[in-house]
>>> print(open('my_file-v9.cif').read())   # mmCIF, C-alpha atoms and all ligand atoms
data_run
#
loop_
_atom_site.label_atom_id
_atom_site.label_comp_id
_atom_site.auth_asym_id
_atom_site.auth_seq_id
_atom_site.Cartn_x
_atom_site.Cartn_y
_atom_site.Cartn_z
CA MET A 1 54.23 160.87 60.01
CA LEU A 2 53.27 157.65 58.32
CA GLU A 3 50.97 155.34 60.25
CA THR A 4 52.37 151.80 60.19
CA ARG A 5 51.80 148.41 61.78
CA PRO A 6 54.56 145.77 62.09
CA LEU A 7 54.29 142.67 59.90
CA THR A 8 56.82 140.77 62.04
CA PRO A 9 58.76 141.90 65.12
CA ARG A 10 61.87 142.85 63.10
CA LEU A 11 61.02 143.06 59.41
CA GLY A 12 58.33 144.85 57.43
CA VAL A 13 55.35 147.10 58.15
CA GLU A 14 51.90 147.59 56.74
CA VAL A 15 51.38 151.23 55.76
CA LEU A 16 47.97 152.53 56.81
CA GLY A 17 46.09 155.53 55.49
CA VAL A 18 47.93 155.82 52.15
CA ASP A 19 46.14 154.87 48.94
CA PRO A 20 48.90 153.94 46.47
CA ARG A 21 46.50 154.71 43.59
CA ALA A 22 46.11 158.35 44.61
CA ALA A 23 48.52 161.20 43.92
CA ILE A 24 51.26 161.09 46.55
CA ASP A 25 52.61 164.47 47.69
CA GLY A 26 56.34 165.06 48.16
CA GLU A 27 56.25 164.85 51.93
CA THR A 28 54.36 161.56 51.96
CA ALA A 29 56.68 160.17 49.26
CA ALA A 30 59.71 161.02 51.43
CA ALA A 31 58.06 159.38 54.45
CA ILE A 32 57.36 156.23 52.41
CA ARG A 33 61.00 156.02 51.26
CA ALA A 34 62.18 156.60 54.83
CA ALA A 35 59.90 153.76 56.00
CA LEU A 36 61.46 151.48 53.39
CA ASP A 37 64.96 152.41 54.62
CA GLU A 38 63.85 151.62 58.14
CA HIS A 39 61.69 148.49 57.71
CA SER A 40 62.88 147.01 54.35
CA VAL A 41 59.36 145.79 53.41
CA LEU A 42 56.15 147.81 53.01
CA LEU A 43 52.64 146.42 52.52
CA PHE A 44 49.67 148.41 51.19
CA ARG A 45 46.32 146.58 51.39
CA ASP A 46 42.92 146.78 49.74
CA ALA A 47 43.94 149.00 46.84
CA ALA A 48 43.73 147.06 43.58
CA MET A 49 46.39 148.36 41.22
CA ASP A 50 46.40 148.33 37.44
CA ASP A 51 49.47 148.83 35.26
CA GLU A 52 48.99 152.58 35.09
CA THR A 53 48.59 153.17 38.84
CA GLN A 54 51.53 150.85 39.53
CA ILE A 55 53.83 152.79 37.19
CA GLU A 56 52.72 156.03 38.82
CA PHE A 57 53.26 154.72 42.37
CA SER A 58 56.65 153.30 41.35
CA ARG A 59 57.80 156.88 40.65
CA VAL A 60 57.67 157.54 44.41
CA PHE A 61 60.80 155.36 44.56
CA GLY A 62 62.50 156.31 41.29
CA ASP A 63 62.89 155.17 37.70
CA THR A 64 61.72 151.74 36.63
CA GLU A 65 63.97 149.19 34.97
CA VAL A 66 63.15 147.49 31.69
CA THR A 67 62.58 143.74 32.18
CA LEU A 68 64.74 141.08 30.49
CA LYS A 69 63.33 139.40 27.40
CA ALA A 70 63.09 136.04 29.22
CA ASN A 71 59.97 137.26 31.06
CA PRO A 72 56.65 137.24 29.15
CA ALA A 73 56.47 141.00 29.82
CA GLY A 74 60.12 141.47 28.72
CA GLY A 75 60.95 144.83 27.18
CA THR A 76 58.34 146.63 29.36
CA PRO A 77 58.72 147.97 32.93
CA PHE A 78 56.81 144.91 34.19
CA ALA A 79 57.88 141.43 35.18
CA ARG A 80 54.89 139.15 35.06
CA GLN A 81 54.77 136.29 37.60
CA SER A 82 51.84 134.19 36.50
CA ASN A 83 50.58 130.82 35.31
CA LEU A 84 48.28 132.56 32.83
CA ASP A 85 49.11 133.07 29.18
CA ILE A 86 49.59 136.79 28.55
CA GLU A 87 47.46 136.67 25.38
CA SER A 88 44.70 134.15 26.05
CA GLY A 89 44.54 134.22 29.89
CA GLU A 90 44.49 130.39 29.83
CA ILE A 91 46.48 128.36 32.37
CA ILE A 92 49.96 127.48 31.06
CA PRO A 93 50.83 123.75 31.37
CA PRO A 94 53.46 123.04 34.08
CA GLU A 95 55.99 121.59 31.63
CA ASP A 96 55.93 124.76 29.48
CA ARG A 97 59.25 126.62 29.39
CA ARG A 98 57.59 129.75 30.84
CA MET A 99 56.58 127.81 33.98
CA ARG A 100 59.99 126.19 34.28
CA TYR A 101 61.67 129.57 34.03
CA GLN A 102 59.64 130.84 37.01
CA LYS A 103 61.12 128.05 39.18
CA GLY A 104 64.18 130.29 39.45
CA ASN A 105 62.07 132.45 41.78
CA TYR A 106 61.91 129.59 44.31
CA MET A 107 65.54 130.29 45.21
CA TRP A 108 66.34 133.20 47.54
CA HIS A 109 67.43 136.12 45.41
CA SER A 110 67.69 139.88 45.11
CA ASP A 111 66.03 141.19 41.95
CA SER A 112 68.43 142.45 39.28
CA SER A 113 71.52 141.78 41.40
CA PHE A 114 73.03 140.45 38.15
CA LYS A 115 72.81 143.91 36.58
CA ALA A 116 75.69 146.39 36.65
CA VAL A 117 73.42 148.67 38.66
CA PRO A 118 71.53 146.38 41.06
CA SER A 119 68.02 147.54 41.85
CA TYR A 120 66.89 149.66 44.79
CA CYS A 121 63.52 148.02 45.35
CA SER A 122 60.76 145.99 43.74
CA MET A 123 57.02 146.52 43.82
CA LEU A 124 54.82 143.46 43.44
CA THR A 125 51.06 143.87 43.08
CA ALA A 126 48.54 141.07 43.47
CA ARG A 127 46.03 141.02 40.63
CA ILE A 128 44.80 137.40 40.96
CA THR A 129 45.80 135.30 43.97
CA PRO A 130 45.36 131.56 44.60
CA PRO A 131 43.22 130.59 47.63
CA GLU A 132 46.16 128.67 49.08
CA GLY A 133 49.93 128.60 48.52
CA GLY A 134 51.94 131.11 46.54
CA ASN A 135 53.22 133.09 49.52
CA THR A 136 56.24 135.30 48.94
CA GLU A 137 58.96 134.98 51.58
CA ILE A 138 61.34 137.82 52.33
CA ALA A 139 64.48 137.66 54.50
CA SER A 140 66.61 140.51 55.80
CA THR A 141 70.31 140.41 54.89
CA ARG A 142 70.66 143.26 57.39
CA LEU A 143 69.44 141.09 60.27
CA GLY A 144 71.64 138.32 58.85
CA TYR A 145 74.67 140.61 58.89
CA ASP A 146 73.92 141.66 62.48
CA THR A 147 74.22 138.05 63.66
CA LEU A 148 77.71 137.56 62.17
CA ASP A 149 80.65 137.47 64.57
CA ALA A 150 83.36 140.14 64.42
CA ALA A 151 85.83 137.88 62.60
CA THR A 152 83.33 137.12 59.82
CA ARG A 153 82.40 140.78 59.48
CA ALA A 154 86.07 141.69 59.15
CA ARG A 155 86.61 138.88 56.65
CA ILE A 156 83.76 139.94 54.36
CA ALA A 157 84.28 143.71 54.63
CA PRO A 158 86.67 144.03 51.67
CA LEU A 159 85.13 141.34 49.46
CA GLU A 160 83.58 141.63 46.04
CA VAL A 161 81.02 139.19 44.71
CA GLU A 162 80.22 138.28 41.14
CA HIS A 163 76.53 138.03 40.23
CA ASP A 164 75.56 136.15 37.11
CA ILE A 165 72.10 135.14 35.87
CA VAL A 166 73.58 132.47 33.61
CA TYR A 167 74.90 130.82 36.80
CA SER A 168 71.61 131.10 38.76
CA ARG A 169 69.38 129.88 35.97
CA GLY A 170 71.78 126.98 35.47
CA LEU A 171 70.98 125.89 39.04
CA THR A 172 67.38 125.13 38.05
CA GLY A 173 68.50 123.35 34.90
CA ASN A 174 67.12 126.28 33.02
CA VAL A 175 69.43 127.08 30.20
CA LEU A 176 69.00 130.57 28.83
CA THR A 177 68.75 130.99 25.09
CA THR A 178 71.74 132.47 23.31
CA GLU A 179 69.77 135.67 22.84
CA MET A 180 69.02 135.92 26.56
CA LYS A 181 72.65 135.19 27.44
CA ALA A 182 73.77 137.95 25.12
CA GLN A 183 71.65 140.40 27.14
CA THR A 184 73.67 139.93 30.31
CA GLN A 185 77.21 139.33 31.55
CA ALA A 186 78.57 138.66 35.05
CA VAL A 187 78.98 141.79 37.18
CA ARG A 188 80.95 142.57 40.34
CA HIS A 189 79.51 144.23 43.42
CA ARG A 190 80.66 144.94 46.95
CA LEU A 191 79.42 142.05 49.11
CA VAL A 192 78.70 144.32 52.08
CA ARG A 193 76.67 147.44 51.51
CA ILE A 194 75.95 150.31 53.86
CA ASN A 195 72.75 152.31 53.63
CA PRO A 196 73.87 155.94 53.92
CA ALA A 197 70.47 156.84 55.44
CA ASN A 198 71.07 154.85 58.62
CA GLY A 199 74.52 153.25 58.47
CA ARG A 200 73.00 149.74 58.49
CA HIS A 201 75.07 147.01 56.82
CA SER A 202 73.52 144.52 54.44
CA MET A 203 74.84 141.92 52.00
CA LEU A 204 74.25 141.43 48.29
CA ILE A 205 73.79 137.66 48.15
CA GLY A 206 71.23 135.14 46.84
CA ALA A 207 70.93 132.88 43.83
CA HIS A 208 72.66 135.17 41.36
CA ALA A 209 75.77 135.40 43.60
CA ALA A 210 78.01 133.02 41.67
CA ARG A 211 81.45 133.49 43.21
CA ILE A 212 83.58 135.61 45.50
CA VAL A 213 86.22 137.50 43.57
CA ASP A 214 89.81 136.31 44.23
CA MET A 215 88.70 133.37 46.37
CA ALA A 216 88.84 129.66 45.58
CA GLU A 217 85.53 128.44 44.13
CA ASP A 218 84.71 126.08 47.05
CA GLU A 219 85.67 128.53 49.74
CA GLY A 220 83.62 131.29 48.13
CA ARG A 221 80.64 128.98 47.74
CA ALA A 222 80.85 127.92 51.40
CA LEU A 223 81.00 131.55 52.52
CA LEU A 224 78.02 132.57 50.37
CA ASP A 225 76.04 129.61 51.73
CA GLU A 226 76.94 130.57 55.30
CA LEU A 227 75.84 134.19 54.77
CA LEU A 228 72.56 133.09 53.19
CA ALA A 229 71.90 130.67 56.04
CA ALA A 230 72.47 133.49 58.58
CA THR A 231 70.06 135.68 56.62
CA THR A 232 67.24 133.19 56.18
CA ARG A 233 66.84 132.11 59.80
CA PRO A 234 63.10 132.13 60.56
CA GLU A 235 63.36 135.17 62.85
CA HIS A 236 64.78 137.22 59.95
CA CYS A 237 61.98 136.31 57.54
CA LEU A 238 58.43 137.17 56.74
CA SER A 239 56.03 135.07 54.69
CA HIS A 240 53.43 137.16 52.94
CA THR A 241 50.05 135.58 52.26
CA TRP A 242 48.65 137.53 49.34
CA ARG A 243 45.17 138.97 49.02
CA ASP A 244 43.91 140.51 45.79
CA GLY A 245 44.68 144.23 45.90
CA ASP A 246 47.91 143.93 47.92
CA THR A 247 51.00 145.88 46.99
CA VAL A 248 54.31 144.90 48.57
CA VAL A 249 57.54 146.86 48.16
CA TRP A 250 60.83 145.31 49.27
CA ASP A 251 64.30 146.81 49.49
CA ASN A 252 66.53 144.71 47.22
CA ARG A 253 69.60 146.24 48.88
CA ALA A 254 68.64 144.81 52.26
CA CYS A 255 66.59 141.68 51.51
CA VAL A 256 66.44 138.48 49.56
CA HIS A 257 63.09 136.94 48.68
CA ARG A 258 61.60 133.88 47.05
CA ALA A 259 58.36 132.58 45.63
CA THR A 260 56.70 129.50 47.12
CA ALA A 261 54.69 126.81 45.38
CA TYR A 262 50.98 126.75 44.62
CA ASP A 263 48.83 124.42 42.54
CA THR A 264 49.46 125.93 39.11
CA VAL A 265 47.05 123.56 37.39
CA LYS A 266 44.12 124.24 39.71
CA TYR A 267 44.52 127.91 40.64
CA ARG A 268 45.22 131.15 38.83
CA ARG A 269 47.87 133.60 39.93
CA LEU A 270 48.82 136.92 38.38
CA MET A 271 51.33 139.28 39.96
CA GLN A 272 52.91 142.26 38.26
CA ARG A 273 56.29 143.55 39.38
CA THR A 274 58.01 146.81 38.71
CA THR A 275 61.68 147.10 39.59
CA ILE A 276 63.08 150.46 40.60
CA SER A 277 66.68 151.30 39.66
CA GLY A 278 69.37 151.57 42.30
CA SER A 279 72.32 153.89 42.53
CA PRO A 280 75.25 153.03 40.28
CA ALA A 281 78.40 151.04 40.88
CA THR A 282 78.35 149.47 44.34
CA ILE A 283 82.05 148.74 43.80
CA GLN A 284 82.81 152.43 44.34
CA SER A 285 80.01 153.24 46.73
CA LEU A 286 81.61 152.36 50.05
C1 LIG B 301 59.49 138.68 41.89
C2 LIG B 301 59.43 137.44 42.68
C3 LIG B 301 57.94 136.07 43.94
C4 LIG B 301 56.53 135.62 43.86
O1 LIG B 301 58.45 139.12 41.39
O2 LIG B 301 60.58 139.25 41.81
O3 LIG B 301 60.45 136.91 43.02
O4 LIG B 301 56.04 135.10 44.87
N1 LIG B 301 58.20 137.04 42.97
O5 LIG B 301 55.91 135.76 42.79
MN MN B 302 62.19 138.27 42.51
#
>>> encode(input="my_file-v9.cif", output="structure tokens")
Amino acid sequence: MLETRPLTPRLGVEVLGVDPRAAIDGETAAAIRAALDEHSVLLFRDAAMDDETQIEFSRVFGDTEVTLKANPAGGTPFARQSNLDIESGEIIPPEDRRMRYQKGNYMWHSDSSFKAVPSYCSMLTARITPPEGGNTEIASTRLGYDTLDAATRARIAPLEVEHDIVYSRGLTGNVLTTEMKAQTQAVRHRLVRINPANGRHSMLIGAHAARIVDMAEDEGRALLDELLAATTRPEHCLSHTWRDGDTVVWDNRACVHRATAYDTVKYRRLMQRTTISGSPATIQSL
């Protein structure tokens, strides 16, 4: 049995007594995955990770994705969320394209939902944290789904949703380069997903959700906004205040998350994310 402590009454636990830098045996790995199915967010504290230990710990959950070229760590298993230049370590000026691109993270989203195979979970490790600001907020689409009335549940049950990173980046006025656009195209997923481990329903929504298939643009937009609003009610959210050496894993199938602001001129922040692949083709998975 894994020893855990709740982070909020309904979402997330801190895992105690497991060092994510150590070798994890099969039984513990299964217990960790079961805890993620159950709680959607896991926190491991006071265990400073480096790239090598993070890759190793990511294997507990599965294979890692390769990051899009738009990220400074593109082409590797890491997504770097930082205001520090990857080469020099100097603070990047706020008007730099790399800082503007990160503004996309301020919108609620599910990592890699714009990929044909949306991800299972993400692992974010805190290498350098600012003394204030820069929390990560996570909201449960499962708790959001649970608050929907029967008519809405019936309405959304058969729907498919198109996810598109060209759409979401457009929302922040952040036009992708032609090369970046060529790396992705819009994909369709089932809007409602069921976790086979526990039968819980969740929704694949967030910033990359561009339109509902076979629905008028406005109507689809209104529905997506309504579902996101149900999900991001305060009682369905947690706000994680980072400490150096934290590792947080969230279930991208059951959550949306977003970055929050910090003083990027005054403080340094370096977080490294690995993204673990999901199971294929949500269109066929229900
Ligand atoms: C991410 C992300 C939020 C943050 O790494 O996927 O959205 O607070 N990060 O850095
Ligand atoms: Mn993210």
>>> closest_atom_pairs(input="my_file-v9.cif", of="chain A", to="ligand LIG 301 (chain B)", cutoff="8 Å", atoms="all atoms listed in the file", output="JSON lines")
{"residue": "A:Ala79", "atom": "CA", "partner": "B:LIG301", "partner_atom": "O1", "distance": 6.7}
{"residue": "A:Arg80", "atom": "CA", "partner": "B:LIG301", "partner_atom": "O1", "distance": 7.3}
{"residue": "A:Gln81", "atom": "CA", "partner": "B:LIG301", "partner_atom": "O5", "distance": 5.3}
{"residue": "A:Ser82", "atom": "CA", "partner": "B:LIG301", "partner_atom": "O5", "distance": 7.7}
{"residue": "A:Asn105", "atom": "CA", "partner": "B:LIG301", "partner_atom": "O3", "distance": 4.9}
{"residue": "A:Tyr106", "atom": "CA", "partner": "B:LIG301", "partner_atom": "O3", "distance": 7.6}
{"residue": "A:His109", "atom": "CA", "partner": "B:LIG301", "partner_atom": "O3", "distance": 7.4}
{"residue": "A:Ser110", "atom": "CA", "partner": "B:LIG301", "partner_atom": "O2", "distance": 7.9}
{"residue": "A:Asp111", "atom": "CA", "partner": "B:LIG301", "partner_atom": "O2", "distance": 5.8}
{"residue": "A:Ser122", "atom": "CA", "partner": "B:LIG301", "partner_atom": "O2", "distance": 7.0}
{"residue": "A:Met123", "atom": "CA", "partner": "B:LIG301", "partner_atom": "O1", "distance": 7.9}
{"residue": "A:Leu124", "atom": "CA", "partner": "B:LIG301", "partner_atom": "O1", "distance": 6.0}
{"residue": "A:Gly134", "atom": "CA", "partner": "B:LIG301", "partner_atom": "O4", "distance": 6.0}
{"residue": "A:Asn135", "atom": "CA", "partner": "B:LIG301", "partner_atom": "O4", "distance": 5.8}
{"residue": "A:Thr136", "atom": "CA", "partner": "B:LIG301", "partner_atom": "O4", "distance": 4.1}
{"residue": "A:Glu137", "atom": "CA", "partner": "B:LIG301", "partner_atom": "O4", "distance": 7.3}
{"residue": "A:His257", "atom": "CA", "partner": "B:LIG301", "partner_atom": "O3", "distance": 6.2}
{"residue": "A:Arg258", "atom": "CA", "partner": "B:LIG301", "partner_atom": "O3", "distance": 5.2}
{"residue": "A:Ala259", "atom": "CA", "partner": "B:LIG301", "partner_atom": "O4", "distance": 3.5}
{"residue": "A:Thr260", "atom": "CA", "partner": "B:LIG301", "partner_atom": "O4", "distance": 6.1}
{"residue": "A:Met271", "atom": "CA", "partner": "B:LIG301", "partner_atom": "O5", "distance": 6.4}
{"residue": "A:Gln272", "atom": "CA", "partner": "B:LIG301", "partner_atom": "O1", "distance": 7.1}
{"residue": "A:Arg273", "atom": "CA", "partner": "B:LIG301", "partner_atom": "O1", "distance": 5.3}
>>> atom_distance(input="my_file-v9.cif", atom1="CA of Glu87 (chain A)", atom2="CA of Tyr101 (chain A)")
18.1 Å
>>> residues_around(input="my_file-v9.cif", residues="Leu228 (chain A)", least_positions_apart="2", cutoff="8 Å", atoms="all atoms listed in the file", output="list in words")
Thr141, Gly144, Ile205, Gly206, Leu224, Asp225, Glu226, Ala230, Thr231 and Thr232 of chain A
>>> write_last_selection(input="my_file-v9.cif", atoms="C-alpha atoms", output="PDB file, in the frame of the given file")
ATOM      1  CA  THR A 141      70.310 140.410  54.890  1.00  0.00           C
ATOM      2  CA  GLY A 144      71.640 138.320  58.850  1.00  0.00           C
ATOM      3  CA  ILE A 205      73.790 137.660  48.150  1.00  0.00           C
ATOM      4  CA  GLY A 206      71.230 135.140  46.840  1.00  0.00           C
ATOM      5  CA  LEU A 224      78.020 132.570  50.370  1.00  0.00           C
ATOM      6  CA  ASP A 225      76.040 129.610  51.730  1.00  0.00           C
ATOM      7  CA  GLU A 226      76.940 130.570  55.300  1.00  0.00           C
ATOM      8  CA  ALA A 230      72.470 133.490  58.580  1.00  0.00           C
ATOM      9  CA  THR A 231      70.060 135.680  56.620  1.00  0.00           C
ATOM     10  CA  THR A 232      67.240 133.190  56.180  1.00  0.00           C
TER      11      THR A 232
END
>>> closest_residue(input="my_file-v9.cif", among="A:Ala73, A:Ile138, A:Val249, A:Val161", to="Met215 (chain A)", atoms="all atoms listed in the file")
A:Val161
>>> closest_residue(input="my_file-v9.cif", among="A:Ile165, A:Ala34, A:Met180, A:Met107", to="ligand MN 302 (chain B)", atoms="all atoms listed in the file")
A:Met107
>>> closest_residue(input="my_file-v9.cif", among="A:Ile212, A:Val265, A:Val248, A:Ala30", to="ligand MN 302 (chain B)", atoms="all atoms listed in the file")
A:Val248
>>> atom_distance(input="my_file-v9.cif", atom1="CA of Pro158 (chain A)", atom2="CA of Met203 (chain A)")
12.0 Å
>>> axis_aligned_box(input="my_file-v9.cif", around="region 59-73 of chain A", padding_each_side="3 Å", output="lines of an AutoDock Vina configuration file")
center_x = 60.6
center_y = 146.8
center_z = 36.0
size_x = 14.3
size_y = 27.5
size_z = 23.2
>>> closest_residue(input="my_file-v9.cif", among="A:Gly17, A:Arg268, A:Ala22, A:Ala186", to="Ala209 (chain A)", atoms="all atoms listed in the file")
A:Ala186
>>> closest_residue(input="my_file-v9.cif", among="A:Pro72, A:Pro196, A:Pro77, A:Gly104", to="ligand MN 302 (chain B)", atoms="only C-alpha atoms and all ligand atoms")
A:Gly104
>>> atom_distance(input="my_file-v9.cif", atom1="CA of Trp242 (chain A)", atom2="CA of Ala126 (chain A)")
6.9 Å
>>> closest_residue(input="my_file-v9.cif", among="A:Lys266, A:Arg142, A:His240, A:Arg21", to="Gly199 (chain A)", atoms="only C-alpha atoms")
A:Arg142
>>> residues_around(input="my_file-v9.cif", residues="Leu159 (chain A)", least_positions_apart="5", cutoff="10 Å", atoms="all atoms listed in the file", output="list in words")
Ala154, His189, Arg190, Leu191, Val192, Ile212, Val213, Asp214, Met215 and Ile283 of chain A
>>> build_atoms(input="my_file-v9.cif", residues="region 97-111 of chain A", atoms="N, CA, C and O atoms", output="PDB file, keeping the file's coordinate frame")
ATOM      1  N   ARG A  97      58.009 125.940  29.033  1.00  0.00           N
ATOM      2  CA  ARG A  97      59.250 126.620  29.390  1.00  0.00           C
ATOM      3  C   ARG A  97      59.008 127.847  30.275  1.00  0.00           C
ATOM      4  O   ARG A  97      59.771 128.161  31.176  1.00  0.00           O
ATOM      5  N   ARG A  98      57.882 128.543  30.042  1.00  0.00           N
ATOM      6  CA  ARG A  98      57.590 129.750  30.840  1.00  0.00           C
ATOM      7  C   ARG A  98      57.364 129.405  32.311  1.00  0.00           C
ATOM      8  O   ARG A  98      57.717 130.169  33.205  1.00  0.00           O
ATOM      9  N   MET A  99      56.780 128.222  32.584  1.00  0.00           N
ATOM     10  CA  MET A  99      56.580 127.810  33.980  1.00  0.00           C
ATOM     11  C   MET A  99      57.896 127.338  34.576  1.00  0.00           C
ATOM     12  O   MET A  99      58.196 127.604  35.731  1.00  0.00           O
ATOM     13  N   ARG A 100      58.691 126.639  33.778  1.00  0.00           N
ATOM     14  CA  ARG A 100      59.990 126.190  34.280  1.00  0.00           C
ATOM     15  C   ARG A 100      60.884 127.376  34.628  1.00  0.00           C
ATOM     16  O   ARG A 100      61.566 127.382  35.629  1.00  0.00           O
ATOM     17  N   TYR A 101      60.829 128.397  33.799  1.00  0.00           N
ATOM     18  CA  TYR A 101      61.670 129.570  34.030  1.00  0.00           C
ATOM     19  C   TYR A 101      61.338 130.213  35.385  1.00  0.00           C
ATOM     20  O   TYR A 101      62.229 130.659  36.107  1.00  0.00           O
ATOM     21  N   GLN A 102      60.054 130.198  35.745  1.00  0.00           N
ATOM     22  CA  GLN A 102      59.640 130.840  37.010  1.00  0.00           C
ATOM     23  C   GLN A 102      60.154 130.086  38.238  1.00  0.00           C
ATOM     24  O   GLN A 102      60.169 130.636  39.336  1.00  0.00           O
ATOM     25  N   LYS A 103      60.574 128.824  38.044  1.00  0.00           N
ATOM     26  CA  LYS A 103      61.120 128.050  39.180  1.00  0.00           C
ATOM     27  C   LYS A 103      62.349 128.732  39.765  1.00  0.00           C
ATOM     28  O   LYS A 103      62.678 128.545  40.936  1.00  0.00           O
ATOM     29  N   GLY A 104      63.028 129.524  38.959  1.00  0.00           N
ATOM     30  CA  GLY A 104      64.180 130.290  39.450  1.00  0.00           C
ATOM     31  C   GLY A 104      63.788 131.153  40.652  1.00  0.00           C
ATOM     32  O   GLY A 104      64.595 131.410  41.544  1.00  0.00           O
ATOM     33  N   ASN A 105      62.537 131.592  40.683  1.00  0.00           N
ATOM     34  CA  ASN A 105      62.070 132.450  41.780  1.00  0.00           C
ATOM     35  C   ASN A 105      61.925 131.697  43.103  1.00  0.00           C
ATOM     36  O   ASN A 105      61.724 132.323  44.138  1.00  0.00           O
ATOM     37  N   TYR A 106      62.000 130.364  43.061  1.00  0.00           N
ATOM     38  CA  TYR A 106      61.910 129.590  44.310  1.00  0.00           C
ATOM     39  C   TYR A 106      63.217 129.633  45.104  1.00  0.00           C
ATOM     40  O   TYR A 106      63.276 129.179  46.232  1.00  0.00           O
ATOM     41  N   MET A 107      64.273 130.140  44.478  1.00  0.00           N
ATOM     42  CA  MET A 107      65.540 130.290  45.210  1.00  0.00           C
ATOM     43  C   MET A 107      65.598 131.719  45.769  1.00  0.00           C
ATOM     44  O   MET A 107      65.176 132.669  45.103  1.00  0.00           O
ATOM     45  N   TRP A 108      66.168 131.857  46.961  1.00  0.00           N
ATOM     46  CA  TRP A 108      66.340 133.200  47.540  1.00  0.00           C
ATOM     47  C   TRP A 108      67.157 134.046  46.580  1.00  0.00           C
ATOM     48  O   TRP A 108      68.207 133.606  46.103  1.00  0.00           O
ATOM     49  N   HIS A 109      66.694 135.249  46.326  1.00  0.00           N
ATOM     50  CA  HIS A 109      67.430 136.120  45.410  1.00  0.00           C
ATOM     51  C   HIS A 109      67.112 137.587  45.678  1.00  0.00           C
ATOM     52  O   HIS A 109      66.144 137.911  46.369  1.00  0.00           O
ATOM     53  N   SER A 110      67.936 138.443  45.097  1.00  0.00           N
ATOM     54  CA  SER A 110      67.690 139.880  45.110  1.00  0.00           C
ATOM     55  C   SER A 110      67.487 140.282  43.656  1.00  0.00           C
ATOM     56  O   SER A 110      68.344 140.013  42.811  1.00  0.00           O
ATOM     57  N   ASP A 111      66.342 140.903  43.352  1.00  0.00           N
ATOM     58  CA  ASP A 111      66.030 141.190  41.950  1.00  0.00           C
ATOM     59  C   ASP A 111      67.111 142.052  41.309  1.00  0.00           C
ATOM     60  O   ASP A 111      67.568 143.037  41.898  1.00  0.00           O
TER      61      ASP A 111
END
